[in-house]
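This is start-v4.pdb (PDB, C-alpha atoms).
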```pdb
ATOM      1  CA  MET P   1     -32.961  30.000 -38.425  1.00  0.00           C
ATOM      2  CA  LYS P   2     -30.076  32.380 -37.939  1.00  0.00           C
ATOM      3  CA  LEU P   3     -27.940  31.737 -34.886  1.00  0.00           C
ATOM      4  CA  PRO P   4     -27.235  34.548 -32.433  1.00  0.00           C
ATOM      5  CA  ALA P   5     -23.925  36.346 -32.870  1.00  0.00           C
ATOM      6  CA  PHE P   6     -22.346  34.800 -29.762  1.00  0.00           C
ATOM      7  CA  ALA P   7     -23.240  31.285 -30.973  1.00  0.00           C
ATOM      8  CA  GLN P   8     -21.750  31.954 -34.414  1.00  0.00           C
ATOM      9  CA  LYS P   9     -18.566  33.187 -32.766  1.00  0.00           C
ATOM     10  CA  MET P  10     -18.329  30.055 -30.602  1.00  0.00           C
ATOM     11  CA  LEU P  11     -18.910  27.691 -33.525  1.00  0.00           C
ATOM     12  CA  GLY P  12     -16.580  29.510 -35.900  1.00  0.00           C
ATOM     13  CA  ARG P  13     -16.225  28.617 -39.546  1.00  0.00           C
ATOM     14  CA  SER P  14     -16.292  24.854 -38.978  1.00  0.00           C
ATOM     15  CA  GLY P  15     -19.812  24.964 -37.582  1.00  0.00           C
ATOM     16  CA  LYS P  16     -18.705  22.743 -34.674  1.00  0.00           C
ATOM     17  CA  ALA P  17     -18.330  23.801 -31.091  1.00  0.00           C
ATOM     18  CA  PRO P  18     -14.673  23.880 -29.986  1.00  0.00           C
ATOM     19  CA  ALA P  19     -13.501  21.820 -27.014  1.00  0.00           C
ATOM     20  CA  LEU P  20     -14.146  23.777 -23.845  1.00  0.00           C
ATOM     21  CA  ARG P  21     -12.415  23.383 -20.498  1.00  0.00           C
ATOM     22  CA  SER P  22     -15.537  23.398 -18.404  1.00  0.00           C
ATOM     23  CA  PHE P  23     -13.770  22.119 -15.262  1.00  0.00           C
ATOM     24  CA  ASP P  24     -12.011  24.804 -13.251  1.00  0.00           C
ATOM     25  CA  GLY P  25      -9.256  22.326 -12.408  1.00  0.00           C
ATOM     26  CA  ALA P  26      -8.377  22.009 -16.112  1.00  0.00           C
ATOM     27  CA  GLY P  27      -8.139  25.745 -16.689  1.00  0.00           C
ATOM     28  CA  ALA P  28      -5.116  27.688 -17.833  1.00  0.00           C
ATOM     29  CA  GLY P  29      -3.621  31.053 -17.014  1.00  0.00           C
ATOM     30  CA  ARG P  30      -1.313  32.510 -14.395  1.00  0.00           C
ATOM     31  CA  ARG P  31      -3.073  31.007 -11.386  1.00  0.00           C
ATOM     32  CA  TRP P  32      -2.269  27.509 -12.658  1.00  0.00           C
ATOM     33  CA  SER P  33       1.397  28.166 -13.424  1.00  0.00           C
ATOM     34  CA  GLY P  34       3.552  25.862 -11.327  1.00  0.00           C
ATOM     35  CA  PHE P  35       0.570  23.823 -10.148  1.00  0.00           C
ATOM     36  CA  ALA P  36       1.529  20.165  -9.735  1.00  0.00           C
ATOM     37  CA  ASP P  37      -0.272  17.600 -11.862  1.00  0.00           C
ATOM     38  CA  MET P  38       0.012  13.812 -12.138  1.00  0.00           C
ATOM     39  CA  PRO P  39       0.146  12.472 -15.720  1.00  0.00           C
ATOM     40  CA  SER P  40       0.464   8.860 -14.512  1.00  0.00           C
ATOM     41  CA  ALA P  41      -0.784   7.842 -11.069  1.00  0.00           C
ATOM     42  CA  ILE P  42       1.123   4.530 -11.168  1.00  0.00           C
ATOM     43  CA  ALA P  43       4.424   6.154 -12.134  1.00  0.00           C
ATOM     44  CA  SER P  44       3.976   8.788  -9.438  1.00  0.00           C
ATOM     45  CA  MET P  45       3.220   6.195  -6.761  1.00  0.00           C
ATOM     46  CA  LEU P  46       6.240   4.094  -7.718  1.00  0.00           C
ATOM     47  CA  ALA P  47       8.511   7.134  -7.701  1.00  0.00           C
ATOM     48  CA  SER P  48       7.189   8.570  -4.435  1.00  0.00           C
ATOM     49  CA  GLY P  49       6.020   5.603  -2.367  1.00  0.00           C
ATOM     50  CA  GLY P  50       9.196   5.093  -0.374  1.00  0.00           C
ATOM     51  CA  THR P  51       9.682   8.796   0.327  1.00  0.00           C
ATOM     52  CA  LEU P  52       6.053   9.290   1.388  1.00  0.00           C
ATOM     53  CA  GLY P  53       6.266   6.303   3.726  1.00  0.00           C
ATOM     54  CA  ARG P  54       9.448   7.575   5.393  1.00  0.00           C
ATOM     55  CA  ARG P  55       8.026  11.072   5.773  1.00  0.00           C
ATOM     56  CA  GLY P  56       4.801   9.674   7.197  1.00  0.00           C
ATOM     57  CA  ARG P  57       6.730   7.719   9.822  1.00  0.00           C
ATOM     58  CA  GLY P  58       8.793  10.804  10.638  1.00  0.00           C
ATOM     59  CA  LEU P  59       5.700  12.973  10.982  1.00  0.00           C
ATOM     60  CA  VAL P  60       3.914  10.540  13.296  1.00  0.00           C
ATOM     61  CA  ALA P  61       7.054  10.159  15.410  1.00  0.00           C
ATOM     62  CA  ASN P  62       7.485  13.917  15.874  1.00  0.00           C
ATOM     63  CA  ASN P  63       4.008  15.433  15.727  1.00  0.00           C
ATOM     64  CA  GLY P  64       1.386  14.740  18.368  1.00  0.00           C
ATOM     65  CA  HIS P  65      -1.535  15.621  16.095  1.00  0.00           C
ATOM     66  CA  ALA P  66      -0.297  13.210  13.413  1.00  0.00           C
ATOM     67  CA  ALA P  67       0.222  10.477  16.007  1.00  0.00           C
ATOM     68  CA  SER P  68      -3.315  10.987  17.357  1.00  0.00           C
ATOM     69  CA  GLY P  69      -4.696  10.835  13.820  1.00  0.00           C
ATOM     70  CA  ALA P  70      -2.868   7.573  13.137  1.00  0.00           C
ATOM     71  CA  GLU P  71      -4.217   6.044  16.353  1.00  0.00           C
ATOM     72  CA  ALA P  72      -7.760   7.194  15.560  1.00  0.00           C
ATOM     73  CA  TRP P  73      -7.628   5.694  12.069  1.00  0.00           C
ATOM     74  CA  THR P  74      -6.205   2.438  13.427  1.00  0.00           C
ATOM     75  CA  SER P  75      -8.943   2.175  16.032  1.00  0.00           C
ATOM     76  CA  ALA P  76     -11.632   2.903  13.439  1.00  0.00           C
ATOM     77  CA  LEU P  77     -10.275   0.288  11.038  1.00  0.00           C
ATOM     78  CA  VAL P  78      -9.650  -2.537  13.495  1.00  0.00           C
ATOM     79  CA  GLY P  79     -11.995  -2.001  16.442  1.00  0.00           C
ATOM     80  CA  THR P  80     -11.844  -5.136  18.583  1.00  0.00           C
ATOM     81  CA  GLY P  81     -10.362  -7.140  15.715  1.00  0.00           C
ATOM     82  CA  LEU P  82     -11.519 -10.027  13.545  1.00  0.00           C
ATOM     83  CA  LYS P  83     -13.011 -12.928  15.466  1.00  0.00           C
ATOM     84  CA  VAL P  84     -14.206 -16.386  14.440  1.00  0.00           C
ATOM     85  CA  GLN P  85     -17.785 -17.527  14.790  1.00  0.00           C
ATOM     86  CA  ALA P  86     -18.096 -21.213  13.962  1.00  0.00           C
ATOM     87  CA  GLN P  87     -20.915 -23.732  14.265  1.00  0.00           C
ATOM     88  CA  ARG P  88     -18.547 -26.699  14.462  1.00  0.00           C
ATOM     89  CA  PRO P  89     -17.608 -27.410  18.079  1.00  0.00           C
ATOM     90  CA  GLY P  90     -14.052 -26.557  19.053  1.00  0.00           C
ATOM     91  CA  VAL P  91     -13.199 -24.344  16.056  1.00  0.00           C
ATOM     92  CA  ALA P  92     -13.636 -21.041  17.879  1.00  0.00           C
ATOM     93  CA  GLN P  93     -11.743 -22.376  20.881  1.00  0.00           C
ATOM     94  CA  SER P  94      -8.863 -23.560  18.687  1.00  0.00           C
ATOM     95  CA  PHE P  95      -8.724 -20.197  16.962  1.00  0.00           C
ATOM     96  CA  GLU P  96      -8.651 -18.329  20.262  1.00  0.00           C
ATOM     97  CA  ALA P  97      -5.833 -20.568  21.461  1.00  0.00           C
ATOM     98  CA  TRP P  98      -3.882 -19.812  18.265  1.00  0.00           C
ATOM     99  CA  THR P  99      -4.362 -16.051  18.614  1.00  0.00           C
ATOM    100  CA  ASP P 100      -2.152 -16.046  21.722  1.00  0.00           C
ATOM    101  CA  GLU P 101       0.705 -17.643  19.766  1.00  0.00           C
ATOM    102  CA  ALA P 102       0.108 -15.938  16.393  1.00  0.00           C
ATOM    103  CA  ASP P 103       2.937 -13.401  16.658  1.00  0.00           C
ATOM    104  CA  ALA P 104       6.208 -15.096  15.718  1.00  0.00           C
ATOM    105  CA  ASP P 105       8.142 -12.464  17.657  1.00  0.00           C
ATOM    106  CA  GLY P 106       6.093 -12.992  20.803  1.00  0.00           C
ATOM    107  CA  LEU P 107       5.392  -9.275  21.266  1.00  0.00           C
ATOM    108  CA  THR P 108       1.604  -9.349  20.998  1.00  0.00           C
ATOM    109  CA  ASP P 109      -1.292 -11.590  19.978  1.00  0.00           C
ATOM    110  CA  PHE P 110      -3.305 -11.839  16.755  1.00  0.00           C
ATOM    111  CA  TYR P 111      -5.451  -8.851  17.696  1.00  0.00           C
ATOM    112  CA  GLY P 112      -2.362  -6.771  18.381  1.00  0.00           C
ATOM    113  CA  LEU P 113      -0.954  -7.793  14.996  1.00  0.00           C
ATOM    114  CA  GLN P 114      -4.127  -6.550  13.324  1.00  0.00           C
ATOM    115  CA  ALA P 115      -3.674  -3.179  14.999  1.00  0.00           C
ATOM    116  CA  THR P 116       0.025  -2.819  14.172  1.00  0.00           C
ATOM    117  CA  MET P 117      -0.574  -3.867  10.556  1.00  0.00           C
ATOM    118  CA  ALA P 118      -3.405  -1.359  10.200  1.00  0.00           C
ATOM    119  CA  ARG P 119      -1.284   1.371  11.769  1.00  0.00           C
ATOM    120  CA  SER P 120       1.565   0.642   9.357  1.00  0.00           C
ATOM    121  CA  MET P 121      -0.876   0.914   6.450  1.00  0.00           C
ATOM    122  CA  VAL P 122      -2.174   4.257   7.753  1.00  0.00           C
ATOM    123  CA  VAL P 123       1.289   5.716   8.370  1.00  0.00           C
ATOM    124  CA  SER P 124       3.404   4.161   5.605  1.00  0.00           C
ATOM    125  CA  GLY P 125       0.710   3.407   3.045  1.00  0.00           C
ATOM    126  CA  GLU P 126       1.224  -0.354   3.259  1.00  0.00           C
ATOM    127  CA  ALA P 127       1.991  -3.206   5.635  1.00  0.00           C
ATOM    128  CA  PHE P 128       3.687  -6.564   5.139  1.00  0.00           C
ATOM    129  CA  ALA P 129       3.806  -9.818   7.086  1.00  0.00           C
ATOM    130  CA  LEU P 130       5.095 -13.345   6.463  1.00  0.00           C
ATOM    131  CA  ILE P 131       3.127 -16.512   7.179  1.00  0.00           C
ATOM    132  CA  LEU P 132       5.662 -18.943   8.642  1.00  0.00           C
ATOM    133  CA  PRO P 133       5.536 -22.732   8.107  1.00  0.00           C
ATOM    134  CA  ASN P 134       4.349 -23.249  11.703  1.00  0.00           C
ATOM    135  CA  GLY P 135       1.353 -20.965  11.123  1.00  0.00           C
ATOM    136  CA  GLN P 136       2.714 -17.970  12.998  1.00  0.00           C
ATOM    137  CA  ILE P 137       2.787 -14.469  11.507  1.00  0.00           C
ATOM    138  CA  ARG P 138       5.809 -12.187  11.424  1.00  0.00           C
ATOM    139  CA  GLN P 139       5.254  -8.539  10.554  1.00  0.00           C
ATOM    140  CA  ILE P 140       8.095  -6.972   8.586  1.00  0.00           C
ATOM    141  CA  ASP P 141       8.991  -3.374   7.839  1.00  0.00           C
ATOM    142  CA  PRO P 142       7.862  -2.182   4.381  1.00  0.00           C
ATOM    143  CA  GLU P 143      11.481  -1.172   3.735  1.00  0.00           C
ATOM    144  CA  GLN P 144      12.470  -4.858   3.719  1.00  0.00           C
ATOM    145  CA  VAL P 145      10.720  -5.320   0.370  1.00  0.00           C
ATOM    146  CA  ASP P 146      13.396  -4.499  -2.201  1.00  0.00           C
ATOM    147  CA  ARG P 147      12.165  -1.323  -3.917  1.00  0.00           C
ATOM    148  CA  ASN P 148      15.324  -1.259  -6.041  1.00  0.00           C
ATOM    149  CA  LEU P 149      14.402  -4.495  -7.814  1.00  0.00           C
ATOM    150  CA  THR P 150      12.468  -3.772 -11.020  1.00  0.00           C
ATOM    151  CA  GLN P 151      13.013  -6.007 -14.046  1.00  0.00           C
ATOM    152  CA  ALA P 152      11.418  -8.422 -16.480  1.00  0.00           C
ATOM    153  CA  THR P 153      11.342 -12.122 -15.620  1.00  0.00           C
ATOM    154  CA  ALA P 154      12.274 -15.066 -17.813  1.00  0.00           C
ATOM    155  CA  ALA P 155       8.685 -16.348 -17.635  1.00  0.00           C
ATOM    156  CA  GLY P 156       7.294 -13.200 -19.284  1.00  0.00           C
ATOM    157  CA  GLY P 157       6.259 -11.461 -16.087  1.00  0.00           C
ATOM    158  CA  ARG P 158       7.811  -8.539 -14.266  1.00  0.00           C
ATOM    159  CA  ILE P 159       9.137  -7.506 -10.885  1.00  0.00           C
ATOM    160  CA  VAL P 160       8.106  -3.998  -9.856  1.00  0.00           C
ATOM    161  CA  GLN P 161       9.871  -2.628  -6.786  1.00  0.00           C
ATOM    162  CA  GLY P 162      10.207  -6.054  -5.238  1.00  0.00           C
ATOM    163  CA  VAL P 163       6.713  -7.326  -6.096  1.00  0.00           C
ATOM    164  CA  GLU P 164       6.638 -10.032  -8.772  1.00  0.00           C
ATOM    165  CA  PHE P 165       3.782 -10.484 -11.251  1.00  0.00           C
ATOM    166  CA  ASP P 166       3.301 -13.259 -13.789  1.00  0.00           C
ATOM    167  CA  ALA P 167       2.574 -12.718 -17.476  1.00  0.00           C
ATOM    168  CA  ALA P 168      -1.148 -12.359 -16.700  1.00  0.00           C
ATOM    169  CA  GLY P 169      -0.497  -9.621 -14.135  1.00  0.00           C
ATOM    170  CA  ARG P 170      -1.169 -11.770 -11.061  1.00  0.00           C
ATOM    171  CA  LYS P 171       0.923 -11.146  -7.965  1.00  0.00           C
ATOM    172  CA  ILE P 172       2.973 -14.279  -7.376  1.00  0.00           C
ATOM    173  CA  ALA P 173       5.927 -13.383  -5.122  1.00  0.00           C
ATOM    174  CA  PHE P 174       7.704 -10.768  -3.047  1.00  0.00           C
ATOM    175  CA  HIS P 175      11.449 -10.153  -2.973  1.00  0.00           C
ATOM    176  CA  ILE P 176      12.347  -9.461   0.639  1.00  0.00           C
ATOM    177  CA  ARG P 177      15.607  -8.637   2.405  1.00  0.00           C
ATOM    178  CA  ARG P 178      16.467 -11.072   5.192  1.00  0.00           C
ATOM    179  CA  ASP P 179      17.221  -8.230   7.584  1.00  0.00           C
ATOM    180  CA  GLN P 180      15.588  -4.860   7.988  1.00  0.00           C
ATOM    181  CA  PRO P 181      17.686  -1.995   6.547  1.00  0.00           C
ATOM    182  CA  GLY P 182      19.336  -0.048   9.343  1.00  0.00           C
ATOM    183  CA  MET P 183      19.120  -2.905  11.844  1.00  0.00           C
ATOM    184  CA  PRO P 184      22.276  -2.941  14.029  1.00  0.00           C
ATOM    185  CA  LEU P 185      24.472  -6.003  13.476  1.00  0.00           C
ATOM    186  CA  ALA P 186      22.340  -7.094  10.532  1.00  0.00           C
ATOM    187  CA  VAL P 187      23.434 -10.520   9.396  1.00  0.00           C
ATOM    188  CA  SER P 188      22.498 -10.285   5.735  1.00  0.00           C
ATOM    189  CA  TYR P 189      20.727  -7.976   3.308  1.00  0.00           C
ATOM    190  CA  GLU P 190      20.327 -10.924   0.945  1.00  0.00           C
ATOM    191  CA  VAL P 191      17.061 -10.732  -0.996  1.00  0.00           C
ATOM    192  CA  VAL P 192      14.852 -13.810  -0.815  1.00  0.00           C
ATOM    193  CA  ARG P 193      11.964 -14.628  -3.142  1.00  0.00           C
ATOM    194  CA  VAL P 194       8.877 -15.458  -1.063  1.00  0.00           C
ATOM    195  CA  PRO P 195       5.723 -16.854  -2.762  1.00  0.00           C
ATOM    196  CA  ALA P 196       2.727 -14.535  -2.511  1.00  0.00           C
ATOM    197  CA  ASP P 197       0.643 -17.136  -0.661  1.00  0.00           C
ATOM    198  CA  ARG P 198       3.144 -16.911   2.201  1.00  0.00           C
ATOM    199  CA  CYS P 199       2.859 -13.129   2.432  1.00  0.00           C
ATOM    200  CA  ILE P 200       0.277 -10.640   3.648  1.00  0.00           C
ATOM    201  CA  HIS P 201       0.296  -7.270   1.876  1.00  0.00           C
ATOM    202  CA  MET P 202      -2.103  -4.573   3.055  1.00  0.00           C
ATOM    203  CA  PHE P 203      -2.194  -1.280   1.181  1.00  0.00           C
ATOM    204  CA  ARG P 204      -4.432   1.636   0.376  1.00  0.00           C
TER     205      ARG P 204
END
```

As structure tokens:
Amino acid sequence: MKLPAFAQKMLGRSGKAPALRSFDGAGAGRRWSGFADMPSAIASMLASGGTLGRRGRGLVANNGHAASGAEAWTSALVGTGLKVQAQRPGVAQSFEAWTDEADADGLTDFYGLQATMARSMVVSGEAFALILPNGQIRQIDPEQVDRNLTQATAAGGRIVQGVEFDAAGRKIAFHIRRDQPGMPLAVSYEVVRVPADRCIHMFR
């Protein structure tokens, strides 16, 4: 059976259909000149994460609509907060007693920490906290994680912007500055390696 002329033209001499850009977003031409693309999502996130976080904080601080959006997202994510329901007598009561003392800085309770962590994730893209030896939680600014530290480790793993992975790719530690950058009268910007099981890292 003879193919129609348009089909012969599409197949060409090889008899095989050429690759077609059927998605508008993969098209070419003048309308796509200068359009930003993202060859590697990971590389783009690593290069832009800090800047996006700072701009997000600036926008929320200076724009009422952005601030309202951040509050709405936080409320939707957290609601009334995580609560314990336990069959064993005394567990729920012990948990509720701990929630009042959960914040190492004494500024809020466990439910308030959930809200501030969620808000940091919404605004900055991530949130960090340390689990102290006494069981309290201390939220830290994302900027305290050393984004400048990226290198291979002697054990065959890697540190990527302050987050350490072992040779199998498991997250095993965070490299954190003792003081928050920009803090007046900061005592030390020394970077401390903190095991991952002592850290909370929320991100989207």

Might you pull out every residue within 12 Å of P:Gly106, with all atoms listed in the file counted and same-chain residues fewer than 5 positions away left off, and present them as a ChimeraX atom specification? /P:99-101,112-113,136-139

Mind writing the picked residues with C-alpha atoms as a short mmCIF file (atom, residue, chain, number, x, y, z; two decimals), keeping the file's coordinate frame?
```cif
data_model
loop_
_atom_site.label_atom_id
_atom_site.label_comp_id
_atom_site.auth_asym_id
_atom_site.auth_seq_id
_atom_site.Cartn_x
_atom_site.Cartn_y
_atom_site.Cartn_z
CA THR P 99 -4.36 -16.05 18.61
CA ASP P 100 -2.15 -16.05 21.72
CA GLU P 101 0.70 -17.64 19.77
CA GLY P 112 -2.36 -6.77 18.38
CA LEU P 113 -0.95 -7.79 15.00
CA GLN P 136 2.71 -17.97 13.00
CA ILE P 137 2.79 -14.47 11.51
CA ARG P 138 5.81 -12.19 11.42
CA GLN P 139 5.25 -8.54 10.55
#
```

Provide the atom CA of P:Val160 to atom CA of P:Arg54 distance in Å, to one decimal place. 19.2 Å

To one decimal place in Å, what is the distance between atom CA of P:Ala28 and atom CA of P:Ser40? 19.9 Å

Spell out the residues picked by the PyMOL selection byres ((chain P and resi 201) around 8) here, as a VMD selection string. chain P and resid 126 to 129 199 to 200 202 to 203

Excluding same-chain residues fewer than 2 positions from P:Arg158, what lies within 12 Å of it counting all atoms listed in the file, as a PDB file with C-alpha atoms, in the frame of the given file?
```pdb
ATOM      1  CA  LEU P 149      14.402  -4.495  -7.814  1.00  0.00           C
ATOM      2  CA  THR P 150      12.468  -3.772 -11.020  1.00  0.00           C
ATOM      3  CA  GLN P 151      13.013  -6.007 -14.046  1.00  0.00           C
ATOM      4  CA  ALA P 152      11.418  -8.422 -16.480  1.00  0.00           C
ATOM      5  CA  THR P 153      11.342 -12.122 -15.620  1.00  0.00           C
ATOM      6  CA  ALA P 154      12.274 -15.066 -17.813  1.00  0.00           C
ATOM      7  CA  ALA P 155       8.685 -16.348 -17.635  1.00  0.00           C
ATOM      8  CA  GLY P 156       7.294 -13.200 -19.284  1.00  0.00           C
ATOM      9  CA  VAL P 160       8.106  -3.998  -9.856  1.00  0.00           C
ATOM     10  CA  GLN P 161       9.871  -2.628  -6.786  1.00  0.00           C
ATOM     11  CA  GLY P 162      10.207  -6.054  -5.238  1.00  0.00           C
ATOM     12  CA  VAL P 163       6.713  -7.326  -6.096  1.00  0.00           C
ATOM     13  CA  GLU P 164       6.638 -10.032  -8.772  1.00  0.00           C
ATOM     14  CA  PHE P 165       3.782 -10.484 -11.251  1.00  0.00           C
ATOM     15  CA  ASP P 166       3.301 -13.259 -13.789  1.00  0.00           C
ATOM     16  CA  ALA P 167       2.574 -12.718 -17.476  1.00  0.00           C
ATOM     17  CA  ALA P 168      -1.148 -12.359 -16.700  1.00  0.00           C
ATOM     18  CA  GLY P 169      -0.497  -9.621 -14.135  1.00  0.00           C
ATOM     19  CA  ARG P 170      -1.169 -11.770 -11.061  1.00  0.00           C
ATOM     20  CA  LYS P 171       0.923 -11.146  -7.965  1.00  0.00           C
ATOM     21  CA  ILE P 172       2.973 -14.279  -7.376  1.00  0.00           C
ATOM     22  CA  ALA P 173       5.927 -13.383  -5.122  1.00  0.00           C
ATOM     23  CA  PHE P 174       7.704 -10.768  -3.047  1.00  0.00           C
ATOM     24  CA  HIS P 175      11.449 -10.153  -2.973  1.00  0.00           C
TER      25      HIS P 175
END
```

For P:Ser120, which residue out of P:Gly53, P:Gly182, P:Gly58, P:Pro89 is the nearest one, using all atoms listed in the file?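 Checking each candidate against P:Ser120, we get P:Gly53 as the closest.
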
Atom pair atom CA of P:Trp98 / atom CA of P:Phe110: separation (Å):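 These two atoms are separated by 8.1 Å.
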
May I have the residues within 10 Å of P:Gly69 as an MDAnalysis selection string, using all atoms listed in the file and disregarding those fewer than 5 positions away in the same chain? chainID P and resid 60 64 74:75 122:123

Given 6 Å of margin on each side, can you work out the centre and size in Å (one decimal) of an axis-aligned box holding every listed atom of stretch 42-46 of chain P, as lines of an AutoDock Vina configuration file?
```
center_x = 3.7
center_y = 6.4
center_z = -9.4
size_x = 17.1
size_y = 16.7
size_z = 17.4
```

With the PyMOL selection byres ((chain P and resi 144) around 9) as the selection, what would be picked from this file? Answer as a compact mmCIF listing (two decimals) with C-alpha atoms, in the coordinates of the input, please.
```txt
# COMPACT_ATOMS: atom_id res chain seq x y z
CA ILE P 140 8.10 -6.97 8.59
CA ASP P 141 8.99 -3.37 7.84
CA PRO P 142 7.86 -2.18 4.38
CA GLU P 143 11.48 -1.17 3.74
CA VAL P 145 10.72 -5.32 0.37
CA ASP P 146 13.40 -4.50 -2.20
CA ARG P 147 12.16 -1.32 -3.92
CA HIS P 175 11.45 -10.15 -2.97
CA ILE P 176 12.35 -9.46 0.64
CA ARG P 177 15.61 -8.64 2.40
CA ARG P 178 16.47 -11.07 5.19
CA ASP P 179 17.22 -8.23 7.58
CA GLN P 180 15.59 -4.86 7.99
CA PRO P 181 17.69 -2.00 6.55
CA TYR P 189 20.73 -7.98 3.31
CA VAL P 191 17.06 -10.73 -1.00
```

Could you list the residues chosen by the PyMOL selection byres ((chain P and resi 84) around 10) in this structure as a list in words? Leu82, Lys83, Gln85, Ala86, Gln87, Val91, Ala92, Gln93, Ser94, Phe95 and Glu96 of chain P

Compare P:Ala66, P:Pro195, P:Ala26, P:Leu132 by their minimum atom-to-atom distance to P:Asp105, counting all atoms listed in the file, and give me the closest one.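 Nearest candidate to P:Asp105 out of P:Ala66, P:Pro195, P:Ala26, P:Leu132: P:Leu132.
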